[in-house]
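Q: Quick one: the structure is below, and I'll ask about it shortly.
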Amino acid sequence: MGNFAYLLADLIMGLSGIISFLLFIYIIISILISFNVINSHNQFVNIIFGSLYKLFEPILRPIRNVLPDLGGMDFSPIIVFFALRYGTPFIAEAIIQLA
């Protein structure tokens, strides 16, 4: 059972890394679009940003509802990013300890 726990912890850490990377790309693209550095009407940008928006919006919407109005600044992707980067090792360690 211990070997399975290590495999599960590695899987969780790997998935967290992939999700963190995709969320980082989402943050960068949204910043570039908001400052008109890249054109959101570009088909490639629209496909990438639309896919990431559909992936992360269900995660980010509840956090946006909890956060106070900060004058147009959206810190919810940054909160999720740091939660993934710093919270996942605790979850993986807990899985290993339970085995």
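Letters for chains follow the order of the structure tokens (A, B, ...), residue numbers begin at 1 for each chain, and ligand numbers begin at 1 in the order shown.
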Please identify all polymer residues within 12 Å of A:Gly50, counting only C-alpha atoms, omitting same-chain residues fewer than 5 positions from it, and present them as a PyMOL selection string.

A: chain A and resi 26+29-30+40-45+55-57

Q: Okay, now the selection with C-alpha atoms, as an mmCIF file, in the first residue's frame?

A:
data_model
loop_
_atom_site.group_PDB
_atom_site.id
_atom_site.type_symbol
_atom_site.label_atom_id
_atom_site.label_comp_id
_atom_site.auth_asym_id
_atom_site.auth_seq_id
_atom_site.Cartn_x
_atom_site.Cartn_y
_atom_site.Cartn_z
ATOM 1 C CA TYR A 26 -3.700 32.049 -18.599
ATOM 2 C CA ILE A 29 -2.242 35.963 -21.776
ATOM 3 C CA SER A 30 -4.973 37.812 -19.875
ATOM 4 C CA SER A 40 -7.725 38.957 -28.774
ATOM 5 C CA HIS A 41 -9.292 38.761 -32.248
ATOM 6 C CA ASN A 42 -6.336 36.703 -33.484
ATOM 7 C CA GLN A 43 -7.633 33.188 -34.093
ATOM 8 C CA PHE A 44 -4.725 31.427 -32.347
ATOM 9 C CA VAL A 45 -4.920 33.697 -29.297
ATOM 10 C CA LEU A 55 -10.940 25.432 -18.003
ATOM 11 C CA PHE A 56 -10.252 27.891 -15.187
ATOM 12 C CA GLU A 57 -13.423 29.967 -14.937
#

Q: Which of these, A:Leu98, A:Leu52, A:Leu8, A:Met13, has the shortest distance to A:Tyr86 once you count only C-alpha atoms?

A: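 Closest to A:Tyr86 of all the choices is A:Met13.
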
Q: What are the closest atom pairs, with distances in Å to one decimal, for each residue of stretch 16-38 of chain A lying within 12 Å of stretch 59-76 of chain A, using only C-alpha atoms, rows by chain and rising residue number, as CSV?

A:
residue,atom,partner,partner_atom,distance
A:Ile19,CA,A:Ile59,CA,11.5
A:Leu23,CA,A:Leu60,CA,10.5
A:Tyr26,CA,A:Leu60,CA,11.7
A:Ile27,CA,A:Phe75,CA,9.9
A:Ser30,CA,A:Asp74,CA,10.5
A:Ile31,CA,A:Asp74,CA,10.4
A:Ser34,CA,A:Met73,CA,11.1

Q: Can you pull out every residue from chain A that DSSP, working from the backbone, puts in helix (DSSP H, G or I), and format the result as an MDAnalysis selection string?

A: chainID A and resid 2:34 43:66 76:98

Q: Quick one: residues within 12 Å of A:Leu7, only C-alpha atoms counted, chain neighbours fewer than 4 positions away excluded, as an MDAnalysis selection string?

A: chainID A and resid 1:3 11:14 92:93 95:96 99

Q: Output the selection as a compact mmCIF listing (two decimals), in the first residue's frame - N, CA and C atoms for each residue.

A:
# COMPACT_ATOMS: atom_id res chain seq x y z
N MET A 1 0.83 -1.20 0.00
CA MET A 1 0.00 0.00 0.00
C MET A 1 0.86 1.24 0.00
N GLY A 2 2.05 1.18 0.58
CA GLY A 2 2.93 2.33 0.65
C GLY A 2 3.40 2.79 -0.73
N ASN A 3 3.68 1.80 -1.62
CA ASN A 3 4.12 2.13 -2.96
C ASN A 3 3.02 2.87 -3.72
N LEU A 11 1.50 11.51 -8.74
CA LEU A 11 0.48 11.88 -9.71
C LEU A 11 -0.15 13.22 -9.36
N ILE A 12 -0.45 13.41 -8.10
CA ILE A 12 -1.05 14.67 -7.65
C ILE A 12 -0.08 15.82 -7.86
N MET A 13 1.18 15.61 -7.55
CA MET A 13 2.19 16.67 -7.74
C MET A 13 2.37 16.98 -9.23
N GLY A 14 2.34 15.96 -10.07
CA GLY A 14 2.47 16.17 -11.51
C GLY A 14 1.30 16.93 -12.09
N ALA A 92 0.12 15.96 -0.74
CA ALA A 92 0.90 14.79 -1.11
C ALA A 92 1.57 14.17 0.12
N GLU A 93 2.07 14.99 1.00
CA GLU A 93 2.70 14.47 2.22
C GLU A 93 1.67 13.79 3.12
N ILE A 95 -1.01 12.22 2.09
CA ILE A 95 -1.31 10.93 1.46
C ILE A 95 -0.23 9.91 1.80
N ILE A 96 1.01 10.33 1.75
CA ILE A 96 2.10 9.43 2.08
C ILE A 96 2.07 9.02 3.54
N ALA A 99 -0.50 6.26 4.40
CA ALA A 99 -0.24 4.90 3.93
C ALA A 99 0.55 4.10 4.94

Q: Which residue is closest to A:Phe82? Choose from A:Phe49, A:Ile38, A:Ala94, A:Ser20 and count only C-alpha atoms.

A: A:Ser20

Q: Quick one: distance from atom CA of A:Ser51 to atom CA of A:Ile25 in Å, one decimal?

A: 11.5 Å

Q: Could you check how far atom CA of A:Ile18 sits from atom CA of A:Leu84, in Å to one decimal?

A: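 Value for the atom CA of A:Ile18-atom CA of A:Leu84 distance: 10.3 Å.
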